[in-house]
Number of protein chains: 2
Amino acid sequence: MKISRSSSPENFSTTKTRKNIELFEDYVEAINEINFNKGFVKNVDLCKYFGVSNATVCKNIKRLIKEELVESEKYRSIFLTKAGKILAEKSNTRHEVLYKFLTKLGVPIRIAEIDSEGMEHHVSKETLNIMKKFNNSN
Amino acid sequence: MKISRSSSPENFSTTKTRKNIELFEDYVEAINEINFNKGFVKNVDLCKYFGVSNATVCKNIKRLIKEELVESEKYRSIFLTKAGKILAEKSNTRHEVLYKFLTKLGVPIRIAEIDSEGMEHHVSKETLNIMKKFNNSN
DNA sequence: CATAAAGTTTAGCCTTGGCTAAACTTATTA
DNA sequence: TAATAAGTTTAGCCAAGGCTAAACTTTATG
Ligand SMILES: [Mn+2]
Ligand SMILES: [Mn+2]
Ligand SMILES: [Mn+2]
Ligand SMILES: [Mn+2]
C-alpha cells in the first residue's frame, strides 16, 4: 500500500463537475458526427449510437435543450446551437487527441476506443496539451 | 471535425459499467488509506476525505456493506472485508501507476492529482500495463 | 387516400448519489 | 455522574439517467 500522491476534497469535486457534463459532451459529439455522416439527426439515430431507449434519448435531449446546446421541434430533427457546436468540436478534438495518444503509446485500437470513451471527460487542457506534443513527436 | 476512431454502443456500456463501481473503488481506497494512517476509520473521516455530508457517507457505506466490501456495526468503526481489501489494493495500484505516468509525462503534480482521480476508473488492465512499462523506462 | 408501420413523446417507475433537519448514541468534561 | 458536545443514523427531499408501456405523430404502402 504505497501512496505517493496526495488526495483532497477538491479533487473529488472537480471530478464531480466533470461527470455532470459528461452526458452533454457525449451527446453533442454524437449529434455532430451523425449530422456530418447523414445530414440530419433524429431520436432513433441517437438510440442506436448509444444503445439506449427512445424514451431515454427524448428525456436527455430535453436537458440539452434546457442547456441551450440543442434545438428541436416536436417530432423533428435535432440541431446543435452555436454553443452546442463549439462544445462538440472541443470534445471531439480532446477525444481524438487522447485516442491517438493511447494508440501511439501502443494500446490496441479496440481498447483505446473503449478506454478513451470514459477517460476523455477527465483530461484537463494542460494534460491534453502534453499529449498533443507527444503525438506530434512520436 | 476529423474522427479517426470508431464508436459503438459497447464502448458506452463498458463506460457505464465502470462508472457503476467508481464510488466503491474510491471508498475502499479511502478507507484503506485512512486506516493505514490512523488505525481506524469512522464516518467523519470519510466526510472530510470526500467533502460530503455525514448522511451521504452513511448511505454509501450501507451500499458497500450490501456489496460485501465493508463491515460495520452501528455507530462503530468501518472495516474492509477481504474482498474490499483486494479491491482497495487493486484500485490504489492503478491510481498510483496512472498518477506516476502523468507526472513522468510532464503533467504538473496538482493537475495529475485531479485528472487521475477521474481517469483511473476508465483505464483497462492492458492500458495500465503499457503505462507501467513506460514508467519503468523513463 | 386510408391504413399500417415506424418513429416520438409522455407517464410512471427505479437506482444512484447528493442534501438538510431531526433523532439518537457515544464521548467529553464540569 | 450529569450535562453537553461530538458523531451517527434516519427521514424525507431532489436531480440525473436509466427502463417499459401506452399514446400520439409522421411516413410509407396497398
Ligand atoms: Mn467523446
Ligand atoms: Mn465519452
Ligand atoms: Mn483512486
Ligand atoms: Mn477516483
# chains A, B, ... in the order shown; residues from 1 in each chain; ligands from 1

call {"tool": "residues_near_ligand", "arguments": {"ligand": "ligand 1", "cutoff": "7 Å", "atoms": "only C-alpha atoms (C1' of nucleotides) and all ligand atoms", "output": "PyMOL selection string"}}
result
chain A and resi 25-26+29+91-92+95+117+120

call {"tool": "residues_around", "arguments": {"residues": "DT26 in chain C", "least_positions_apart": "2", "cutoff": "9 Å", "atoms": "only C-alpha atoms (C1' of nucleotides)", "output": "MDAnalysis selection string"}}
result
(chainID B and resid 75) or (chainID D and resid 6:7)

call {"tool": "write_last_selection", "arguments": {"atoms": "N, CA, C and O atoms (P, O5', C5', C4', C3', O3' and C1' of nucleotides)", "output": "PDB file, in the first residue's frame"}}
result
ATOM      1  N   TYR B  75     -22.808   2.894  14.698  1.00  0.00           N
ATOM      2  CA  TYR B  75     -22.028   3.864  15.475  1.00  0.00           C
ATOM      3  C   TYR B  75     -20.555   3.467  15.655  1.00  0.00           C
ATOM      4  O   TYR B  75     -19.820   4.132  16.368  1.00  0.00           O
TER       5      TYR B  75
ATOM      6  P    DA D   6     -17.960  20.185  20.278  1.00  0.00           P
ATOM      7  O5'  DA D   6     -17.945  18.697  19.715  1.00  0.00           O
ATOM      8  C5'  DA D   6     -17.171  17.707  20.377  1.00  0.00           C
ATOM      9  C4'  DA D   6     -17.484  16.368  19.762  1.00  0.00           C
ATOM     10  C3'  DA D   6     -17.528  16.385  18.227  1.00  0.00           C
ATOM     11  O3'  DA D   6     -16.679  15.341  17.785  1.00  0.00           O
ATOM     12  C1'  DA D   6     -19.485  15.360  19.103  1.00  0.00           C
ATOM     13  P    DG D   7     -16.432  15.048  16.203  1.00  0.00           P
ATOM     14  O5'  DG D   7     -17.407  13.809  15.965  1.00  0.00           O
ATOM     15  C5'  DG D   7     -17.224  12.625  16.737  1.00  0.00           C
ATOM     16  C4'  DG D   7     -18.345  11.652  16.417  1.00  0.00           C
ATOM     17  C3'  DG D   7     -18.552  11.398  14.921  1.00  0.00           C
ATOM     18  O3'  DG D   7     -18.517   9.991  14.744  1.00  0.00           O
ATOM     19  C1'  DG D   7     -20.620  11.860  15.975  1.00  0.00           C
TER      20       DG D   7
END

call {"tool": "interface_residues", "arguments": {"of": "chain D", "to": "chain B", "cutoff": "10 Å", "atoms": "only C-alpha atoms (C1' of nucleotides)", "output": "PyMOL selection string"}}
result
chain D and resi 7-10

call {"tool": "residues_near_ligand", "arguments": {"ligand": "ligand 3", "cutoff": "12 Å", "atoms": "only C-alpha atoms (C1' of nucleotides) and all ligand atoms", "output": "JSON, numbers by chain"}}
result
{"A": [3, 4, 5, 6, 7, 8, 11, 12, 15], "B": [21, 22, 23, 24, 25, 26, 27, 28, 29, 30, 31, 32, 33, 49, 50, 87, 88, 89, 90, 91, 92, 93, 94, 95, 96, 97, 98, 99, 113, 114, 115, 116, 117, 118, 119, 120, 121, 122, 123]}

call {"tool": "atom_distance", "arguments": {"atom1": "C1' of DA5 in chain C", "atom2": "C1' of DA21 in chain D"}}
result
18.1 Å

call {"tool": "interface_residues", "arguments": {"of": "chain B", "to": "chain C", "cutoff": "9 Å", "atoms": "only C-alpha atoms (C1' of nucleotides)", "output": "list of chain:residue names"}}
result
B:Asn20, B:Val52, B:Ser53, B:Ala55, B:Thr56, B:Asn60, B:Tyr75

call {"tool": "select_by_dssp", "arguments": {"residues": "chain B", "states": "alpha helix (DSSP H)", "output": "PyMOL selection string"}}
result
chain B and resi 9-38+43-50+54-66+82-105+109-119+125-136
